[in-house]
$ cat protein_10.txt   # compact mmCIF, C-alpha atoms
# COMPACT_ATOMS: atom_id res chain seq x y z
CA MET A 1 -3.94 44.88 -10.55
CA THR A 2 -5.31 43.21 -13.68
CA ARG A 3 -8.71 41.49 -13.81
CA ARG A 4 -6.98 38.09 -13.98
CA ASP A 5 -4.88 38.86 -10.89
CA PHE A 6 -8.00 39.97 -9.03
CA ILE A 7 -9.87 36.76 -9.90
CA TRP A 8 -6.97 34.53 -8.82
CA THR A 9 -6.55 36.51 -5.56
CA ALA A 10 -10.24 36.22 -4.76
CA ALA A 11 -10.34 32.51 -5.62
CA ALA A 12 -7.20 31.52 -3.68
CA PRO A 13 -8.86 31.07 -0.23
CA ALA A 14 -11.62 28.90 -1.72
CA MET A 15 -9.09 26.79 -3.63
CA ALA A 16 -6.96 26.33 -0.51
CA SER A 17 -9.96 25.24 1.55
CA ALA A 18 -11.01 22.79 -1.16
CA ALA A 19 -7.59 21.11 -1.28
CA PRO A 20 -7.49 17.99 0.93
CA ALA A 21 -5.31 18.04 4.03
CA ARG A 22 -2.44 15.67 3.26
CA LEU A 23 -2.13 12.60 5.43
CA ALA A 24 1.34 11.13 6.00
CA VAL A 25 1.64 7.32 6.03
CA PRO A 26 5.01 5.89 7.17
CA VAL A 27 6.31 3.07 4.97
CA HIS A 28 9.52 1.14 5.63
CA ARG A 29 10.83 -0.55 2.46
CA VAL A 30 12.85 -3.77 2.69
CA VAL A 31 14.33 -5.77 -0.20
CA ASP A 32 14.54 -9.45 0.69
CA GLY A 33 18.22 -10.34 0.70
CA TRP A 34 17.37 -14.01 -0.08
CA ALA A 35 15.14 -13.27 -3.07
CA GLN A 36 16.28 -14.26 -6.56
CA LEU A 37 15.25 -10.97 -8.18
CA ARG A 38 16.26 -10.14 -11.74
CA PRO A 39 17.54 -6.61 -12.44
CA GLU A 40 14.58 -5.87 -14.72
CA GLN A 41 12.12 -6.80 -11.95
CA LEU A 42 13.73 -4.38 -9.53
CA GLN A 43 13.99 -1.73 -12.22
CA ARG A 44 10.28 -2.07 -13.07
CA PHE A 45 9.38 -1.62 -9.42
CA TRP A 46 11.62 1.36 -8.64
CA TRP A 47 11.05 3.19 -11.92
CA SER A 48 7.41 2.35 -12.68
CA ILE A 49 5.30 0.62 -10.00
CA TRP A 50 6.50 2.56 -6.95
CA PRO A 51 6.51 6.07 -8.53
CA GLU A 52 3.01 5.40 -9.87
CA ALA A 53 1.83 4.38 -6.38
CA VAL A 54 3.34 7.51 -4.82
CA ARG A 55 1.71 9.66 -7.50
CA ASP A 56 -1.73 8.06 -7.15
CA PHE A 57 -1.76 8.33 -3.36
CA GLY A 58 -0.37 11.85 -3.52
CA ARG A 59 -3.16 13.02 -5.82
CA GLY A 60 -5.61 11.65 -3.26
CA GLY A 61 -4.02 13.64 -0.43
CA ILE A 62 -1.91 10.81 1.03
CA ALA A 63 1.88 11.14 1.30
CA LEU A 64 3.96 7.98 1.62
CA GLN A 65 6.86 8.83 3.95
CA THR A 66 9.51 6.22 3.29
CA SER A 67 12.55 4.77 4.97
CA ASP A 68 14.74 1.91 3.75
CA GLY A 69 16.68 -0.85 5.41
CA PRO A 70 18.18 -4.30 4.86
CA GLY A 71 16.17 -7.43 5.54
CA GLU A 72 15.54 -11.07 4.74
CA VAL A 73 12.70 -13.56 4.50
CA ARG A 74 13.75 -16.90 5.98
CA HIS A 75 11.74 -20.06 6.64
CA SER A 76 11.25 -22.03 9.83
CA PRO A 77 11.03 -25.87 9.90
CA ALA A 78 7.22 -25.47 9.97
CA ASP A 79 7.45 -23.38 6.77
CA ARG A 80 6.38 -20.21 8.56
CA PRO A 81 8.23 -17.19 7.17
CA VAL A 82 10.75 -15.50 9.44
CA PHE A 83 11.28 -11.80 8.71
CA ILE A 84 14.46 -9.91 9.46
CA GLY A 85 14.57 -6.10 9.33
CA LEU A 86 10.94 -5.19 10.00
CA ARG A 87 9.93 -2.25 12.21
CA ARG A 88 7.02 -1.87 14.60
CA GLY A 89 4.51 0.98 14.45
CA ILE A 90 5.02 1.40 10.71
CA VAL A 91 3.88 -0.23 7.45
CA ASN A 92 6.63 -2.61 6.30
CA LEU A 93 6.79 -3.03 2.51
CA VAL A 94 8.81 -6.16 1.74
CA LEU A 95 9.95 -6.77 -1.85
CA THR A 96 10.66 -10.37 -2.74
CA ASP A 97 10.41 -12.82 -5.65
CA HIS A 98 7.44 -14.89 -4.49
CA ILE A 99 4.97 -14.96 -1.61
CA PRO A 100 5.81 -17.72 0.94
CA MET A 101 3.75 -20.91 0.57
CA TYR A 102 2.41 -20.23 4.09
CA TRP A 103 0.14 -17.61 2.45
CA ASP A 104 0.34 -18.32 -1.27
CA MET A 105 -0.86 -21.95 -1.33
CA GLY A 106 0.26 -22.28 -4.96
CA ARG A 107 -1.86 -19.35 -6.20
CA ALA A 108 1.05 -17.24 -7.54
CA LEU A 109 -0.11 -14.20 -5.58
CA ALA A 110 1.35 -10.79 -6.46
CA GLY A 111 1.01 -9.54 -2.91
CA VAL A 112 -0.24 -10.13 0.61
CA THR A 113 -0.98 -7.70 3.45
CA THR A 114 -1.38 -8.76 7.07
CA ILE A 115 -0.30 -8.29 10.68
CA TYR A 116 2.35 -10.91 11.41
CA ASP A 117 3.94 -11.32 14.84
CA GLY A 118 2.80 -7.77 15.61
CA TYR A 119 4.36 -6.27 12.47
CA HIS A 120 2.19 -4.57 9.84
CA LEU A 121 3.35 -6.13 6.61
CA CYS A 122 2.75 -5.57 2.90
CA MET A 123 4.65 -8.10 0.80
CA LEU A 124 5.04 -7.85 -2.98
CA ALA A 125 6.21 -10.64 -5.31
CA LEU A 126 7.96 -8.60 -7.98
CA ARG A 127 7.75 -11.37 -10.59
CA TYR A 128 3.95 -10.85 -10.61
CA ALA A 129 3.56 -7.21 -9.48
CA HIS A 130 2.50 -4.60 -12.03
CA GLY A 131 1.30 -1.03 -12.45
CA ASN A 132 -2.11 0.26 -13.47
CA GLN A 133 -3.47 -1.70 -16.43
CA ILE A 134 -7.29 -1.89 -16.54
CA PRO A 135 -9.57 0.32 -14.39
CA PHE A 136 -11.49 -1.57 -11.68
CA VAL A 137 -9.89 -4.87 -12.75
CA SER A 138 -6.08 -4.69 -12.84
CA VAL A 139 -4.57 -1.83 -10.83
CA ASN A 140 -1.20 -1.02 -9.32
CA THR A 141 -0.23 -3.96 -7.07
CA CYS A 142 1.50 -1.72 -4.53
CA VAL A 143 -1.55 0.58 -4.25
CA HIS A 144 -3.89 -2.41 -3.94
CA GLU A 145 -1.88 -4.00 -1.10
CA LEU A 146 -1.37 -0.76 0.82
CA LEU A 147 -5.12 -0.19 0.65
CA HIS A 148 -5.63 -3.48 2.54
CA ALA A 149 -3.80 -1.78 5.42
CA LEU A 150 -5.26 1.72 5.09
CA LEU A 151 -8.82 0.39 4.78
CA GLN A 152 -8.19 -1.71 7.92
CA ASP A 153 -8.61 -5.17 6.40
CA VAL A 154 -5.58 -6.30 8.41
CA PHE A 155 -7.60 -6.10 11.62
CA VAL A 156 -9.99 -8.84 10.42
CA SER A 157 -8.00 -12.02 11.02
CA HIS A 158 -10.22 -14.60 9.27
CA PRO A 159 -12.61 -13.01 6.76
CA LYS A 160 -15.23 -15.22 5.17
CA ARG A 161 -14.77 -16.12 1.51
CA PHE A 162 -17.38 -13.65 0.24
CA GLN A 163 -15.87 -10.91 2.41
CA GLY A 164 -12.44 -11.53 0.92
CA GLY A 165 -13.74 -11.22 -2.63
CA GLU A 166 -15.69 -8.12 -1.71
CA ARG A 167 -12.59 -6.46 -0.28
CA GLU A 168 -10.54 -7.27 -3.37
CA PHE A 169 -13.13 -5.61 -5.61
CA ARG A 170 -13.45 -2.66 -3.24
CA ASN A 171 -9.69 -2.10 -3.24
CA ASP A 172 -9.57 -2.11 -7.04
CA TRP A 173 -12.45 0.38 -7.02
CA TYR A 174 -10.69 2.77 -4.64
CA ALA A 175 -7.37 2.33 -6.46
CA THR A 176 -9.11 3.30 -9.70
CA CYS A 177 -10.62 6.36 -8.01
CA LEU A 178 -7.09 7.42 -7.01
CA TRP A 179 -5.69 6.65 -10.45
CA LEU A 180 -8.30 8.26 -12.70
CA PHE A 181 -10.25 10.67 -10.51
CA HIS A 182 -7.69 11.63 -7.82
CA ASP A 183 -10.34 10.97 -5.18
CA GLY A 184 -8.95 9.82 -1.84
CA ALA A 185 -11.45 11.26 0.66
CA ALA A 186 -12.81 7.93 1.88
CA ILE A 187 -9.33 6.40 2.02
CA ARG A 188 -7.98 9.28 4.11
CA GLN A 189 -10.82 8.92 6.59
CA SER A 190 -10.14 5.23 7.08
CA ALA A 191 -6.35 5.72 7.01
CA ARG A 192 -6.50 8.14 9.95
CA ALA A 193 -8.25 5.51 12.03
CA TYR A 194 -5.79 2.88 10.80
CA LEU A 195 -2.77 4.97 11.80
CA ASP A 196 -4.21 5.49 15.27
CA ARG A 197 -4.58 1.73 15.67
CA LEU A 198 -1.15 1.11 14.16
CA ARG A 199 0.51 3.40 16.70
CA SER A 200 -1.46 1.90 19.57
CA GLY A 201 -0.36 -1.63 18.64
CA ALA A 202 -3.91 -2.92 18.07
CA ALA A 203 -4.13 -6.62 17.17
CA PRO A 204 -6.43 -8.33 14.66
CA ARG A 205 -9.93 -9.25 15.81
$ encode --input "protein_10.txt" --output "structure tokens"
Amino acid sequence: MTRRDFIWTAAAPAMASAAPARLAVPVHRVVDGWAQLRPEQLQRFWWSIWPEAVRDFGRGGIALQTSDGPGEVRHSPADRPVFIGLRRGIVNLVLTDHIPMYWDMGRALAGVTTIYDGYHLCMLALRYAHGNQIPFVSVNTCVHELLHALLQDVFVSHPKRFQGGEREFRNDWYATCLWLFHDGAAIRQSARAYLDRLRSGAAPR
């Protein structure tokens, strides 16, 4: 055995113990059948935004376990969105062209994450969604919205204005830690608690 082989053999147990235990997060992806999505918007998501999100979470010890299915976003007479194709006990990632006015209020939001009629929902408007751009300021939209679920923001039904701004900044901070430093320890801790509540069917407070 060479000196190099001996060093690697001796270091292997320590390296294995230092590696974070991977946490699996189930995500069900749905493309809104009513959305007017351009081919380049879908291509940017599937070939850039989504792979980047999977990579960032993966480096932080979080594996996104995906399934796919058909779905639609319709509108009731009261302008409340009606979702077809969502699943319970799982994070539903809905891809559409714009966020319904029920949540958007004319703000041209890139995403929204909430519990809606008992479904855990992350919704992305692909015309505004983007990948990592500027650390702590403009991060991957998919990562940012999923963090609203994993950090349990969805269980606070009516946050105060300052709390909302604080959570937005915090999410960009944690997303940057995943992106640049591959640090997901705090996210994994919160995500374990989130998954327990997701499976139990906990409602917002």
$ axis_aligned_box --input "protein_10.txt" --around "segment 138-151 of chain A" --padding-each-side "8 Å" --output "JSON"
{"center_x": -3.7, "center_y": -1.5, "center_z": -3.7, "size_x": 26.3, "size_y": 22.4, "size_z": 34.3}
$ atom_distance --input "protein_10.txt" --atom1 "atom CA of Tyr174 of chain A" --atom2 "atom CA of Ser48 of chain A"
19.8 Å
$ residues_around --input "protein_10.txt" --residues "segment 187-196 of chain A" --least-positions-apart "6" --cutoff "8 Å" --atoms "only C-alpha atoms" --output "number ranges by chain"
A: 23, 25, 61-62, 147, 149-152, 174
$ residues_around --input "protein_10.txt" --residues "segment 130-140 of chain A" --least-positions-apart "6" --cutoff "9 Å" --atoms "only C-alpha atoms" --output "list in words"
Arg44, Phe45, Ser48, Ile49, Trp50, Glu52, Ala53, Ala110, Phe169, Arg170, Asn171, Asp172, Trp173, Tyr174, Ala175, Thr176, Cys177, Trp179 and Leu180 of chain A
$ atom_distance --input "protein_10.txt" --atom1 "atom CA of Ser67 of chain A" --atom2 "atom CA of Asp97 of chain A"
20.7 Å
$ closest_residue --input "protein_10.txt" --among "A:Leu86, A:Met105, A:Ile99, A:Leu93" --to "Arg127 of chain A" --atoms "only C-alpha atoms"
A:Ile99
$ atom_distance --input "protein_10.txt" --atom1 "atom CA of Gly201 of chain A" --atom2 "atom CA of His28 of chain A"
16.6 Å
$ closest_residue --input "protein_10.txt" --among "A:Pro204, A:Gly184, A:Gly58, A:Gly33" --to "Ile84 of chain A" --atoms "all atoms listed in the file"
A:Gly33
$ closest_residue --input "protein_10.txt" --among "A:Thr141, A:Ser200, A:Gln65, A:Thr96" --to "Val27 of chain A" --atoms "all atoms listed in the file"
A:Gln65
$ decode --input "protein_10.txt" --residues "segment 29-77 of chain A" --atoms "N, CA and C atoms" --output "CSV table (one decimal), in the first residue's frame"
chain,number,residue,atom,x,y,z
A,29,ARG,N,-44.4,17.9,-10.2
A,29,ARG,CA,-44.3,19.0,-11.2
A,29,ARG,C,-45.5,18.9,-12.1
A,30,VAL,N,-46.2,20.1,-12.3
A,30,VAL,CA,-47.4,20.2,-13.2
A,30,VAL,C,-47.2,21.4,-14.1
A,31,VAL,N,-47.3,21.2,-15.4
A,31,VAL,CA,-47.3,22.3,-16.3
A,31,VAL,C,-48.8,22.7,-16.6
A,32,ASP,N,-49.1,23.9,-16.4
A,32,ASP,CA,-50.5,24.4,-16.5
A,32,ASP,C,-50.9,24.3,-18.0
A,33,GLY,N,-51.9,23.5,-18.3
A,33,GLY,CA,-52.4,23.2,-19.6
A,33,GLY,C,-53.0,24.5,-20.3
A,34,TRP,N,-53.4,25.5,-19.4
A,34,TRP,CA,-54.1,26.7,-20.0
A,34,TRP,C,-53.0,27.8,-20.2
A,35,ALA,N,-51.8,27.6,-19.7
A,35,ALA,CA,-50.8,28.7,-19.8
A,35,ALA,C,-50.4,28.9,-21.2
A,36,GLN,N,-50.1,30.2,-21.6
A,36,GLN,CA,-49.6,30.6,-22.9
A,36,GLN,C,-48.1,30.7,-22.8
A,37,LEU,N,-47.4,29.6,-22.7
A,37,LEU,CA,-46.0,29.5,-22.5
A,37,LEU,C,-45.3,29.4,-23.8
A,38,ARG,N,-44.3,30.2,-24.0
A,38,ARG,CA,-43.5,30.2,-25.2
A,38,ARG,C,-42.4,29.0,-25.1
A,39,PRO,N,-42.0,28.4,-26.2
A,39,PRO,CA,-41.1,27.3,-26.1
A,39,PRO,C,-39.8,27.7,-25.4
A,40,GLU,N,-39.3,29.0,-25.6
A,40,GLU,CA,-38.1,29.4,-25.0
A,40,GLU,C,-38.2,29.5,-23.5
A,41,GLN,N,-39.4,29.8,-23.0
A,41,GLN,CA,-39.6,29.9,-21.5
A,41,GLN,C,-39.6,28.5,-20.9
A,42,LEU,N,-40.2,27.6,-21.6
A,42,LEU,CA,-40.1,26.2,-21.0
A,42,LEU,C,-38.7,25.6,-21.1
A,43,GLN,N,-38.0,25.9,-22.2
A,43,GLN,CA,-36.7,25.5,-22.4
A,43,GLN,C,-35.8,26.1,-21.3
A,44,ARG,N,-35.9,27.3,-21.0
A,44,ARG,CA,-35.1,28.0,-20.0
A,44,ARG,C,-35.3,27.3,-18.6
A,45,PHE,N,-36.6,27.0,-18.4
A,45,PHE,CA,-36.8,26.3,-17.1
A,45,PHE,C,-36.2,24.9,-17.0
A,46,TRP,N,-36.5,24.1,-18.0
A,46,TRP,CA,-36.1,22.7,-18.0
A,46,TRP,C,-34.6,22.5,-18.1
A,47,TRP,N,-33.9,23.4,-18.9
A,47,TRP,CA,-32.5,23.2,-19.1
A,47,TRP,C,-31.6,24.2,-18.3
A,48,SER,N,-32.2,25.1,-17.6
A,48,SER,CA,-31.4,26.0,-16.8
A,48,SER,C,-31.9,26.2,-15.4
A,49,ILE,N,-33.1,26.7,-15.2
A,49,ILE,CA,-33.6,27.0,-13.8
A,49,ILE,C,-33.7,25.7,-13.0
A,50,TRP,N,-34.4,24.7,-13.5
A,50,TRP,CA,-34.6,23.5,-12.7
A,50,TRP,C,-33.3,22.7,-12.4
A,51,PRO,N,-32.5,22.5,-13.4
A,51,PRO,CA,-31.2,21.8,-13.1
A,51,PRO,C,-30.4,22.5,-12.1
A,52,GLU,N,-30.4,23.8,-12.1
A,52,GLU,CA,-29.6,24.6,-11.2
A,52,GLU,C,-30.2,24.4,-9.8
A,53,ALA,N,-31.5,24.4,-9.7
A,53,ALA,CA,-32.2,24.2,-8.4
A,53,ALA,C,-31.8,22.8,-7.8
A,54,VAL,N,-31.9,21.8,-8.6
A,54,VAL,CA,-31.6,20.4,-8.2
A,54,VAL,C,-30.1,20.4,-7.7
A,55,ARG,N,-29.2,21.0,-8.5
A,55,ARG,CA,-27.8,21.0,-8.1
A,55,ARG,C,-27.6,21.8,-6.8
A,56,ASP,N,-28.2,22.9,-6.6
A,56,ASP,CA,-28.0,23.7,-5.4
A,56,ASP,C,-28.5,23.0,-4.2
A,57,PHE,N,-29.7,22.4,-4.3
A,57,PHE,CA,-30.2,21.7,-3.1
A,57,PHE,C,-29.4,20.4,-2.9
A,58,GLY,N,-29.0,19.7,-4.0
A,58,GLY,CA,-28.2,18.5,-3.8
A,58,GLY,C,-26.9,18.8,-3.1
A,59,ARG,N,-26.2,19.9,-3.4
A,59,ARG,CA,-25.0,20.2,-2.7
A,59,ARG,C,-25.2,20.5,-1.3
A,60,GLY,N,-26.4,20.9,-0.9
A,60,GLY,CA,-26.7,21.1,0.5
A,60,GLY,C,-27.3,19.9,1.2
A,61,GLY,N,-27.3,18.7,0.5
A,61,GLY,CA,-27.8,17.5,1.2
A,61,GLY,C,-29.2,17.3,1.1
A,62,ILE,N,-29.9,17.9,0.1
A,62,ILE,CA,-31.3,17.8,-0.1
A,62,ILE,C,-31.6,17.3,-1.5
A,63,ALA,N,-32.3,16.2,-1.6
A,63,ALA,CA,-32.6,15.6,-2.9
A,63,ALA,C,-34.1,15.8,-3.3
A,64,LEU,N,-34.3,16.4,-4.4
A,64,LEU,CA,-35.7,16.6,-4.9
A,64,LEU,C,-36.1,15.4,-5.7
A,65,GLN,N,-37.1,14.7,-5.1
A,65,GLN,CA,-37.6,13.5,-5.7
A,65,GLN,C,-38.8,13.8,-6.5
A,66,THR,N,-38.8,13.8,-7.8
A,66,THR,CA,-39.8,14.4,-8.6
A,66,THR,C,-40.8,13.3,-9.3
A,67,SER,N,-42.0,13.8,-9.5
A,67,SER,CA,-42.9,13.1,-10.3
A,67,SER,C,-43.6,14.1,-11.2
A,68,ASP,N,-44.2,13.7,-12.3
A,68,ASP,CA,-44.8,14.7,-13.2
A,68,ASP,C,-46.2,14.2,-13.6
A,69,GLY,N,-47.1,15.2,-13.8
A,69,GLY,CA,-48.5,14.9,-14.2
A,69,GLY,C,-49.1,16.0,-14.9
A,70,PRO,N,-50.2,15.8,-15.6
A,70,PRO,CA,-51.0,16.9,-16.3
A,70,PRO,C,-51.7,17.7,-15.3
A,71,GLY,N,-52.0,18.9,-15.6
A,71,GLY,CA,-52.8,19.8,-14.7
A,71,GLY,C,-53.2,21.1,-15.4
A,72,GLU,N,-54.1,21.8,-14.7
A,72,GLU,CA,-54.6,23.1,-15.3
A,72,GLU,C,-54.8,24.1,-14.1
A,73,VAL,N,-54.8,25.4,-14.4
A,73,VAL,CA,-55.1,26.4,-13.5
A,73,VAL,C,-56.3,27.1,-14.1
A,74,ARG,N,-57.5,26.9,-13.5
A,74,ARG,CA,-58.7,27.6,-14.0
A,74,ARG,C,-59.1,28.7,-13.0
A,75,HIS,N,-60.2,29.4,-13.3
A,75,HIS,CA,-60.6,30.5,-12.5
A,75,HIS,C,-62.1,30.4,-12.2
A,76,SER,N,-62.4,30.6,-10.9
A,76,SER,CA,-63.8,30.6,-10.5
A,76,SER,C,-64.5,32.0,-10.8
A,77,PRO,N,-65.8,32.1,-10.7
A,77,PRO,CA,-66.4,33.4,-10.9
A,77,PRO,C,-65.9,34.5,-9.9
